[in-house]
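A.B. asks: Just so it is clear, I am handing over upload07.cif, which has mmCIF, C-alpha atoms.
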data_start
loop_
_atom_site.label_atom_id
_atom_site.label_comp_id
_atom_site.auth_asym_id
_atom_site.auth_seq_id
_atom_site.Cartn_x
_atom_site.Cartn_y
_atom_site.Cartn_z
CA MET A 1 -65.68 28.53 -44.52
CA GLU A 2 -69.45 28.28 -44.69
CA TYR A 3 -71.19 31.59 -45.46
CA CYS A 4 -74.57 32.39 -43.96
CA ALA A 5 -75.94 35.89 -43.25
CA ASP A 6 -77.68 36.23 -39.90
CA ALA A 7 -81.34 37.10 -39.49
CA ALA A 8 -80.58 40.80 -38.94
CA LYS A 9 -79.36 40.97 -42.54
CA ASP A 10 -82.46 39.36 -43.96
CA ARG A 11 -83.49 41.39 -47.00
CA THR A 12 -86.25 40.15 -49.27
CA MET A 13 -87.29 41.26 -52.72
CA ALA A 14 -89.95 43.44 -51.10
CA ALA A 15 -87.20 45.74 -49.84
CA HIS A 16 -85.91 46.23 -53.37
CA ARG A 17 -89.03 46.21 -55.51
CA PRO A 18 -91.71 48.87 -56.04
CA HIS A 19 -94.85 48.20 -54.03
CA ARG A 20 -97.20 48.99 -56.88
CA ARG A 21 -97.16 47.04 -60.07
CA ILE A 22 -96.96 48.98 -63.32
CA ALA A 23 -99.69 48.21 -65.82
CA PRO A 24 -98.29 46.93 -69.16
CA SER A 25 -99.96 49.82 -71.02
CA ALA A 26 -97.99 52.30 -68.90
CA LEU A 27 -94.60 50.80 -69.67
CA PRO A 28 -92.34 52.50 -72.23
CA ALA A 29 -92.05 50.83 -75.63
CA PHE A 30 -88.51 49.64 -74.95
CA VAL A 31 -89.70 47.88 -71.78
CA LEU A 32 -92.50 46.12 -73.61
CA ALA A 33 -90.02 45.01 -76.26
CA ALA A 34 -87.86 43.49 -73.54
CA LEU A 35 -90.69 41.15 -72.57
CA ALA A 36 -89.85 38.99 -75.56
CA LEU A 37 -86.42 38.39 -74.07
CA LEU A 38 -87.73 37.53 -70.63
CA VAL A 39 -90.81 35.38 -71.20
CA PRO A 40 -90.02 31.69 -71.73
CA VAL A 41 -91.84 29.99 -74.56
CA GLY A 42 -94.78 27.99 -73.24
CA SER A 43 -94.25 29.12 -69.63
CA ALA A 44 -97.18 30.43 -67.62
CA ALA A 45 -95.96 30.27 -64.01
CA ALA A 46 -93.08 29.13 -61.83
CA ALA A 47 -93.02 25.39 -61.21
CA GLU A 48 -92.68 23.74 -57.78
CA PRO A 49 -88.94 23.62 -57.00
CA ALA A 50 -87.26 20.26 -57.03
CA ALA A 51 -85.37 19.01 -54.00
CA GLY A 52 -81.70 19.90 -53.68
CA GLN A 53 -80.31 22.86 -55.61
CA THR A 54 -83.53 24.72 -56.61
CA ARG A 55 -85.26 27.30 -54.42
CA TYR A 56 -87.76 30.14 -54.43
CA LEU A 57 -87.03 33.85 -54.18
CA GLN A 58 -89.97 35.77 -52.78
CA LEU A 59 -90.91 38.91 -54.70
CA ASP A 60 -93.13 41.71 -53.49
CA PRO A 61 -96.70 40.30 -53.28
CA HIS A 62 -97.90 42.60 -56.08
CA TRP A 63 -95.47 41.09 -58.59
CA THR A 64 -97.31 37.98 -59.71
CA ASP A 65 -97.04 36.71 -63.30
CA GLU A 66 -93.85 38.74 -63.66
CA PRO A 67 -91.38 37.60 -66.37
CA TYR A 68 -87.83 37.23 -65.09
CA GLN A 69 -84.41 35.83 -65.91
CA TRP A 70 -82.11 34.05 -63.49
CA GLN A 71 -78.57 35.01 -64.45
CA LEU A 72 -74.97 34.77 -63.44
CA ASP A 73 -73.40 38.03 -62.36
CA ASP A 74 -71.88 38.49 -65.84
CA GLY A 75 -75.32 38.38 -67.48
CA THR A 76 -75.25 34.76 -68.60
CA VAL A 77 -78.87 33.57 -68.57
CA LEU A 78 -79.36 30.37 -66.60
CA SER A 79 -83.14 30.19 -66.86
CA ARG A 80 -86.27 32.15 -67.68
CA GLY A 81 -89.55 32.07 -65.86
CA VAL A 82 -92.69 33.85 -64.74
CA SER A 83 -93.43 34.45 -61.07
CA ASP A 84 -96.29 32.38 -59.69
CA ALA A 85 -99.51 33.40 -57.96
CA GLN A 86 -97.59 33.85 -54.69
CA ALA A 87 -95.09 36.19 -56.41
CA ARG A 88 -92.26 33.66 -56.20
CA ALA A 89 -89.43 33.11 -58.67
CA VAL A 90 -87.71 29.75 -59.04
CA VAL A 91 -83.90 29.94 -58.94
CA ALA A 92 -81.25 27.26 -59.16
CA ALA A 93 -77.61 26.89 -58.21
CA HIS A 94 -74.83 26.80 -60.79
CA PRO A 95 -71.68 24.84 -59.93
CA GLY A 96 -68.82 26.97 -58.69
CA GLN A 97 -70.85 30.20 -58.62
CA GLU A 98 -71.97 32.39 -55.73
CA ARG A 99 -72.91 35.62 -57.52
CA TYR A 100 -76.19 35.75 -59.41
CA ALA A 101 -78.83 38.25 -60.48
CA LEU A 102 -82.60 38.15 -60.84
CA GLU A 103 -83.59 40.40 -63.74
CA THR A 104 -87.15 41.50 -64.48
CA VAL A 105 -88.37 43.64 -67.34
CA VAL A 106 -87.22 46.89 -65.74
CA MET A 107 -84.98 45.99 -62.77
CA ARG A 108 -81.97 43.84 -61.91
CA TYR A 109 -81.31 42.48 -58.41
CA PRO A 110 -77.81 41.09 -57.78
CA VAL A 111 -77.46 38.48 -55.03
CA ARG A 112 -74.68 36.46 -53.45
CA ILE A 113 -75.66 32.93 -52.48
CA ALA A 114 -73.03 30.74 -50.84
CA ALA A 115 -73.03 27.05 -51.68
CA ALA A 116 -74.15 26.20 -48.14
CA CYS A 117 -77.32 28.28 -48.55
CA TRP A 118 -78.68 25.93 -51.20
CA LYS A 119 -78.55 23.08 -48.68
CA ARG A 120 -80.80 24.86 -46.23
CA PRO A 121 -84.59 24.45 -46.14
CA GLN A 122 -86.65 26.99 -48.10
CA ALA A 123 -87.69 28.72 -44.88
CA GLU A 124 -84.04 29.51 -44.10
CA PHE A 125 -82.84 30.02 -47.67
CA GLU A 126 -83.56 33.74 -48.03
CA ARG A 127 -82.00 34.54 -44.66
CA CYS A 128 -78.82 33.00 -45.99
CA ILE A 129 -78.38 35.18 -49.07
CA GLU A 130 -76.88 38.64 -49.49
CA TRP A 131 -78.64 41.20 -51.66
CA GLY A 132 -76.66 43.70 -53.68
CA LYS A 133 -77.80 47.12 -54.86
CA ALA A 134 -80.72 46.95 -57.27
CA GLY A 135 -80.53 48.83 -60.57
CA PRO A 136 -82.12 48.95 -64.02
CA SER A 137 -82.26 45.77 -66.04
CA ARG A 138 -79.58 45.41 -68.68
CA ALA A 139 -82.19 45.48 -71.43
CA ARG A 140 -83.61 48.67 -69.97
CA ALA A 141 -80.17 50.28 -69.56
CA GLN A 142 -79.25 49.38 -73.13
CA ALA A 143 -82.56 50.72 -74.46
CA GLU A 144 -82.16 53.95 -72.48
CA ALA A 145 -78.63 54.42 -73.82
CA GLU A 146 -79.91 53.87 -77.36
CA SER A 147 -82.73 56.33 -76.72
CA GLU A 148 -80.24 58.93 -75.48
CA ARG A 149 -78.10 58.39 -78.57
CA GLU A 150 -81.09 58.83 -80.88
CA LEU A 151 -82.17 61.96 -79.00
CA GLU A 152 -78.73 63.52 -79.35
CA GLN A 153 -78.72 62.73 -83.07
CA ALA A 154 -82.15 64.33 -83.43
CA LEU A 155 -80.97 67.44 -81.58
CA GLN A 156 -77.91 67.62 -83.81
CA ARG A 157 -80.09 67.42 -86.93
CA ARG A 158 -82.25 70.17 -85.48
CA ARG A 159 -79.20 72.37 -84.89
CA GLU A 160 -78.06 71.86 -88.48
CA ARG A 161 -81.49 72.19 -90.10
CA ALA A 162 -81.31 75.95 -90.61
CA ALA A 163 -77.77 76.86 -89.56
CA TRP A 164 -76.78 77.03 -93.24
CA THR A 165 -79.03 80.10 -93.75
CA GLY A 166 -76.61 82.25 -91.75
CA LEU A 167 -79.54 84.29 -90.37
CA ASP A 168 -79.76 85.22 -86.72
CA ALA A 169 -83.04 85.67 -84.85
CA GLN A 170 -83.12 89.44 -85.38
CA ALA A 171 -82.61 89.14 -89.14
CA VAL A 172 -85.35 86.52 -89.37
CA THR A 173 -87.82 88.64 -87.41
CA GLN A 174 -87.14 91.73 -89.51
CA ARG A 175 -87.53 89.83 -92.78
CA LEU A 176 -90.82 88.22 -91.78
CA ARG A 177 -92.24 91.49 -90.48
CA ARG A 178 -91.43 93.21 -93.77
CA THR A 179 -93.17 90.42 -95.65
CA LEU A 180 -96.32 90.65 -93.56
CA ALA A 181 -96.33 94.44 -93.85
CA ALA A 182 -96.05 94.18 -97.64
CA GLN A 183 -99.00 91.80 -97.80
CA GLY A 184 -101.45 94.70 -97.45
CA PRO A 185 -100.37 96.46 -100.66
CA TRP A 186 -100.35 93.13 -102.52
CA GLU A 187 -103.99 92.57 -101.59
CA LYS A 188 -104.86 95.56 -103.80
CA THR A 189 -103.25 94.07 -106.91
CA PRO A 190 -105.21 92.25 -109.67
CA PRO A 191 -103.77 88.79 -108.81
CA ALA A 192 -105.01 89.17 -105.25
CA GLN A 193 -108.55 89.80 -106.49
CA ARG A 194 -108.75 86.39 -108.14
CA THR A 195 -110.07 83.44 -106.17
CA PRO A 196 -108.50 79.98 -106.05
CA THR A 197 -111.42 78.64 -108.08
CA GLU A 198 -110.19 80.85 -110.94
CA PHE A 199 -106.67 79.44 -110.90
CA ASP A 200 -105.13 79.20 -114.36
CA CYS A 201 -101.73 77.55 -114.68
CA ALA A 202 -101.00 79.53 -117.85
CA LYS A 203 -101.26 82.76 -115.88
CA ALA A 204 -99.28 81.55 -112.89
CA GLY A 205 -95.73 82.72 -112.40
CA VAL A 206 -92.72 80.52 -112.99
CA ALA A 207 -90.63 79.41 -110.04
CA PRO A 208 -86.91 80.28 -110.11
CA PRO A 209 -84.51 77.81 -111.73
CA LEU A 210 -82.85 75.22 -109.53
CA PRO A 211 -79.04 75.18 -109.28
CA ASP A 212 -77.38 72.09 -110.69
CA ALA A 213 -75.05 72.00 -107.68
CA GLY A 214 -77.85 71.02 -105.32
CA GLN A 215 -79.95 68.85 -107.61
CA ARG A 216 -77.93 65.68 -107.00
CA HIS A 217 -78.36 66.03 -103.24
CA PHE A 218 -82.06 66.80 -103.64
CA GLN A 219 -82.65 63.67 -105.70
CA ALA A 220 -80.70 61.64 -103.15
CA ALA A 221 -83.00 63.03 -100.44
CA LEU A 222 -86.06 61.91 -102.38
CA GLU A 223 -84.58 58.44 -102.77
CA ALA A 224 -83.73 58.13 -99.07
CA GLY A 225 -86.97 59.74 -97.91
CA PRO A 226 -86.90 63.40 -96.82
CA ARG A 227 -88.00 62.55 -93.27
CA THR A 228 -85.19 60.05 -92.69
CA PRO A 229 -81.89 61.20 -91.13
CA ALA A 230 -80.05 60.43 -94.37
CA GLY A 231 -82.66 62.24 -96.44
CA GLU A 232 -82.57 65.32 -94.23
CA ALA A 233 -78.77 65.46 -94.45
CA GLU A 234 -79.07 65.47 -98.25
CA LEU A 235 -81.65 68.26 -98.09
CA VAL A 236 -79.30 70.36 -95.98
CA ALA A 237 -76.48 69.78 -98.48
CA ALA A 238 -78.77 70.78 -101.35
CA ALA A 239 -80.05 73.87 -99.54
CA ARG A 240 -76.50 75.01 -98.83
CA ALA A 241 -76.00 74.99 -102.60
CA GLY A 242 -78.99 77.31 -103.02
CA HIS A 243 -81.60 74.68 -103.92
CA TRP A 244 -84.87 76.38 -102.95
CA ARG A 245 -87.00 73.23 -103.17
CA ALA A 246 -84.69 71.55 -100.66
CA ALA A 247 -85.00 74.60 -98.42
CA ALA A 248 -88.80 74.52 -98.65
CA ALA A 249 -88.78 70.80 -97.83
CA LEU A 250 -86.62 71.47 -94.76
CA ALA A 251 -89.00 74.20 -93.60
CA LYS A 252 -91.91 71.77 -93.85
CA LEU A 253 -89.90 69.03 -92.16
CA ALA A 254 -89.11 71.36 -89.25
CA LEU A 255 -92.81 71.73 -88.47
CA TYR A 256 -93.19 67.97 -88.00
CA ASP A 257 -90.63 68.41 -85.21
CA ASP A 258 -92.31 71.54 -83.73
CA ASP A 259 -89.15 73.38 -84.74
CA TRP A 260 -90.66 76.82 -85.34
CA GLU A 261 -87.30 78.59 -85.27
CA SER A 262 -85.84 76.59 -88.14
CA ALA A 263 -89.04 76.81 -90.18
CA GLN A 264 -89.13 80.60 -89.88
CA SER A 265 -85.40 80.99 -90.53
CA ILE A 266 -85.75 79.05 -93.78
CA ALA A 267 -88.87 81.01 -94.74
CA ALA A 268 -86.89 84.22 -94.24
CA TRP A 269 -84.02 82.85 -96.36
CA LEU A 270 -86.43 82.05 -99.20
CA LEU A 271 -88.13 85.44 -98.97
CA GLU A 272 -84.78 87.26 -99.06
CA ARG A 273 -84.25 85.63 -102.47
CA ASP A 274 -87.76 86.40 -103.74
CA VAL A 275 -88.59 82.71 -103.98
CA PRO A 276 -92.40 82.20 -103.93
CA ALA A 277 -91.98 79.15 -101.71
CA GLY A 278 -91.07 81.57 -98.93
CA TYR A 279 -94.68 82.78 -98.71
CA ASN A 280 -95.97 79.24 -98.37
CA ALA A 281 -93.27 78.36 -95.83
CA LEU A 282 -94.34 81.38 -93.79
CA ALA A 283 -98.02 80.41 -94.15
CA ARG A 284 -97.31 76.91 -92.88
CA SER A 285 -95.23 78.20 -90.00
CA LEU A 286 -97.81 80.74 -88.85
CA GLY A 287 -100.66 78.25 -89.14
CA ALA A 288 -98.84 75.52 -87.23
CA ALA A 289 -97.62 77.88 -84.51
CA ASN A 290 -101.07 79.36 -83.94
CA ALA A 291 -102.70 75.93 -83.83
CA TYR A 292 -100.05 74.70 -81.39
CA GLU A 293 -100.41 77.66 -79.04
CA HIS A 294 -104.20 77.98 -79.08
CA GLY A 295 -105.41 74.52 -80.07
CA SER A 296 -106.61 75.86 -83.41
CA ALA A 297 -105.91 78.96 -85.46
CA ALA A 298 -108.37 81.84 -85.18
CA PRO A 299 -110.33 82.78 -88.33
CA ALA A 300 -108.17 85.87 -88.93
CA GLU A 301 -104.99 83.82 -88.59
CA ARG A 302 -106.30 81.14 -90.95
CA GLU A 303 -107.18 83.84 -93.47
CA GLN A 304 -103.70 85.34 -93.21
CA SER A 305 -102.09 81.97 -93.93
CA ALA A 306 -104.53 81.30 -96.77
CA ARG A 307 -103.70 84.61 -98.45
CA LEU A 308 -99.95 84.00 -98.20
CA ARG A 309 -100.45 80.54 -99.71
CA TRP A 310 -102.62 81.90 -102.51
CA ARG A 311 -99.93 84.47 -103.31
CA ALA A 312 -97.29 81.72 -103.47
CA ALA A 313 -99.48 79.49 -105.66
CA GLN A 314 -100.08 82.26 -108.20
CA ALA A 315 -96.36 83.06 -108.22
CA GLY A 316 -95.60 79.47 -109.26
CA ASP A 317 -94.71 77.64 -106.05
CA PRO A 318 -95.61 73.95 -106.52
CA GLY A 319 -95.77 73.30 -102.78
CA ALA A 320 -98.38 76.02 -102.31
CA GLN A 321 -100.36 74.70 -105.28
CA MET A 322 -100.43 71.21 -103.77
CA ASP A 323 -101.35 72.52 -100.30
CA LEU A 324 -104.14 74.64 -101.73
CA ALA A 325 -105.40 71.70 -103.78
CA ASP A 326 -105.67 69.64 -100.59
CA GLU A 327 -107.73 72.41 -98.99
CA LEU A 328 -110.09 72.61 -101.99
CA SER A 329 -110.35 68.90 -102.78
CA GLU A 330 -113.86 68.55 -101.32
CA SER A 331 -115.38 71.99 -101.85
CA GLU A 332 -113.87 72.75 -105.28
CA PRO A 333 -112.57 69.50 -106.82
CA ASP A 334 -112.10 70.99 -110.31
CA ALA A 335 -109.93 73.82 -109.01
CA ALA A 336 -108.00 71.36 -106.86
CA GLU A 337 -107.26 69.21 -109.90
CA ARG A 338 -106.04 72.23 -111.90
CA LEU A 339 -103.70 73.21 -109.09
CA ARG A 340 -102.25 69.69 -108.82
CA ALA A 341 -101.91 69.37 -112.57
CA CYS A 342 -100.00 72.65 -112.71
CA ALA A 343 -97.57 71.63 -109.97
CA ARG A 344 -97.00 68.18 -111.50
CA SER A 345 -96.49 69.52 -115.01
CA ARG A 346 -93.59 71.68 -113.85
CA PHE A 347 -92.22 69.38 -111.15
CA PRO A 348 -93.11 65.75 -111.93
CA ASP A 349 -91.52 64.54 -108.69
CA ILE A 350 -93.68 66.80 -106.49
CA ASP A 351 -95.59 63.83 -105.01
CA ARG A 352 -92.46 62.11 -103.70
#
Can I see the file as structure tokens?

C.D. replies:
Amino acid sequence: MEYCADAAKDRTMAAHRPHRRIAPSALPAFVLAALALLVPVGSAAAAEPAAGQTRYLQLDPHWTDEPYQWQLDDGTVLSRGVSDAQARAVVAAHPGQERYALETVVMRYPVRIAAACWKRPQAEFERCIEWGKAGPSRARAQAEAESERELEQALQRRRERAAWTGLDAQAVTQRLRRTLAAQGPWEKTPPAQRTPTEFDCAKAGVAPPLPDAGQRHFQAALEAGPRTPAGEAELVAAARAGHWRAAAALAKLALYDDDWESAQSIAAWLLERDVPAGYNALARSLGAANAYEHGSAAPAEREQSARLRWRAAQAGDPGAQMDLADELSESEPDAAERLRACARSRFPDIDR
């Protein structure tokens, strides 16, 4: 029996498409990547349809030069094209098929076209087809699913980043407050009176030894790259074994992710064990948090972080020595070089 929808059921692409075209610069990265799948090589616009089994589908007038795919309902691609200056897409019949889909970069429009419809003139063609419910393109749906998966993995890494410390929020707050309160008395000690330009590696403290149990994981993290998922997992394993350099690296890594809670939890864990890196981890955390909240840290806040870092550098923390060297590289290059040389002499892999 010949199928043909009546005029009351006439639904064009305009009823399914947005009425305002999205500029390419506003599209998400995954959508832009999908363009490579949609644009036919050497194609600039839809060609004039041949007689017989090829017809136009009219898109919303705003959607000119729009890449599309003409597919079977199961996703098999029959052709690729780009809508012409009149926002039309060329489509063609496939023997034995009635269910098709027109897929653009971001949307997919299923249609049912009976065999008899293809025999009708172009003017009657669109009144003879049945539109299904529009939805996201398959490329977009796949990219969104992948994005969701990556987000969940990132959240899981964030949950695990400092869970190994075993410290709750109250314990972290108390530890950090005690440290800041004790900074005042330290400022009256002879080491505090020295300036970074007077740094002498021979007079600097020696960082605590590193446990063998975590060293293998720490080296694996360096090989994988500390900021990769695999590298971070190795850092967590090393930190669980008491490796303070791995812990300090995790605290720094947390700040790249705006993860203040983890950074401060790890700083508290280091400080509980009298590891100098704890002062630098706290300095980084305070500086980053203040800059994030206020656009930039106030002079008093910058000074507080600088004093904590200077304390850590004198106590032998290589991370603080490298951070301080970066701060002094232009104003005091000789002091900066002494700080870097000290850190590298004790921890040759500090630059990795």

A.B. asks: Given all atoms listed in the file as the basis, pick out the residue of A:Thr104, A:Arg80, A:Leu167, A:Arg159 nearest to Pro136 in chain A.

C.D. replies: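 Of A:Thr104, A:Arg80, A:Leu167, A:Arg159, the one nearest Pro136 in chain A is A:Thr104, counting all atoms listed in the file.
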
A.B. asks: What is the CA of Lys188 in chain A to CA of Gly278 in chain A distance in Å?

C.D. replies: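 Separation of CA of Lys188 in chain A and CA of Gly278 in chain A: 20.2 Å.
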
A.B. asks: Give me the residues within 9 Å of Gly316 in chain A as a list of chain:residue names, counting only C-alpha atoms and dropping any in the same chain fewer than 4 places off.

C.D. replies: A:Cys201, A:Ala204, A:Gly205, A:Val206, A:Ala207, A:Pro208, A:Pro276, A:Ala277, A:Arg311, A:Ala312, A:Ala320, A:Gln321, A:Cys342, A:Ala343

A.B. asks: Extract, using all atoms listed in the file, all DNA, RNA and protein residues at most 8 Å from Tyr279 in chain A, discarding same-chain residues fewer than 4 positions from it, and format them as a PyMOL selection string.

C.D. replies: chain A and resi 267+271+283+308-309+311-312

A.B. asks: Can you tell me which residues surround range 228-244 of chain A at a distance of at most 9 Å, considering all atoms listed in the file, apart from same-chain residues fewer than 6 positions away, and format the answer as a ChimeraX atom specification?

C.D. replies: /A:153-154,157,160-162,164-165,208-222,250,253,270,275,277

A.B. asks: Which one of A:Val111, A:Leu151, A:Ala143, A:Ala341 sits closest to Gln71 in chain A if you count all atoms listed in the file?

C.D. replies: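 Once distances to Gln71 in chain A are computed over all atoms listed in the file, the minimum belongs to A:Val111.
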
A.B. asks: Can you list, as a VMD selection string, every protein, DNA or RNA residue that comes within 12 Å of Pro95 in chain A when you count only C-alpha atoms, leaving out same-chain residues fewer than 5 positions away?

C.D. replies: chain A and resid 53 72 78 100 113 to 115 118

A.B. asks: When you count all atoms listed in the file, which of these residues is closest to Ser137 in chain A: A:Asp84, A:Gly75, A:Phe125, A:Pro190?

C.D. replies: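 The answer is A:Gly75, which sits nearest to Ser137 in chain A.
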
A.B. asks: Would you work out the distance separating CA of Pro196 in chain A from CA of Leu176 in chain A, expressed in Å to one decimal?

C.D. replies: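 Here the two named atoms are 24.2 Å from each other.
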
A.B. asks: Just save range 54-108 of chain A with C-alpha atoms, as a short mmCIF file (atom, residue, chain, number, x, y, z; two decimals), in the first residue's frame.

C.D. replies:
data_model
loop_
_atom_site.label_atom_id
_atom_site.label_comp_id
_atom_site.auth_asym_id
_atom_site.auth_seq_id
_atom_site.Cartn_x
_atom_site.Cartn_y
_atom_site.Cartn_z
CA THR A 54 17.46 12.05 -5.39
CA ARG A 55 15.72 14.92 -3.62
CA TYR A 56 16.27 17.94 -1.40
CA LEU A 57 15.45 18.26 2.29
CA GLN A 58 14.90 21.86 3.30
CA LEU A 59 16.72 22.95 6.45
CA ASP A 60 16.04 26.05 8.49
CA PRO A 61 17.11 29.06 6.36
CA HIS A 62 19.92 29.93 8.78
CA TRP A 63 21.65 26.58 8.24
CA THR A 64 23.59 27.19 5.05
CA ASP A 65 27.00 25.57 4.47
CA GLU A 66 26.13 23.02 7.15
CA PRO A 67 27.99 19.68 7.01
CA TYR A 68 25.69 16.67 7.18
CA GLN A 69 25.50 12.93 6.67
CA TRP A 70 22.64 11.06 5.04
CA GLN A 71 22.33 7.75 6.86
CA LEU A 72 20.24 4.65 7.20
CA ASP A 73 18.42 4.33 10.50
CA ASP A 74 21.17 2.03 11.83
CA GLY A 75 23.83 4.71 11.27
CA THR A 76 25.20 3.42 7.98
CA VAL A 77 26.43 6.47 6.08
CA LEU A 78 25.03 6.70 2.57
CA SER A 79 26.51 10.08 1.65
CA ARG A 80 28.10 13.22 3.03
CA GLY A 81 27.43 16.76 1.97
CA VAL A 82 27.23 20.43 2.85
CA SER A 83 23.95 22.33 2.67
CA ASP A 84 23.75 24.85 -0.14
CA ALA A 85 23.06 28.59 -0.12
CA GLN A 86 19.32 27.87 0.18
CA ALA A 87 19.93 25.64 3.24
CA ARG A 88 19.05 22.46 1.35
CA ALA A 89 20.53 18.99 1.81
CA VAL A 90 20.63 16.46 -1.00
CA VAL A 91 19.31 13.02 -0.05
CA ALA A 92 18.91 9.83 -2.05
CA ALA A 93 16.88 6.65 -1.80
CA HIS A 94 18.43 3.32 -0.89
CA PRO A 95 16.79 0.16 -2.27
CA GLY A 96 14.50 -1.59 0.18
CA GLN A 97 14.79 1.11 2.86
CA GLU A 98 12.22 3.52 4.27
CA ARG A 99 13.92 4.68 7.48
CA TYR A 100 16.74 7.20 7.23
CA ALA A 101 18.37 9.95 9.27
CA LEU A 102 19.92 13.30 8.45
CA GLU A 103 22.77 13.94 10.89
CA THR A 104 24.51 17.28 11.33
CA VAL A 105 27.39 18.12 13.62
CA VAL A 106 25.22 18.33 16.72
CA MET A 107 21.78 16.89 15.83
CA ARG A 108 20.21 13.82 14.24
#
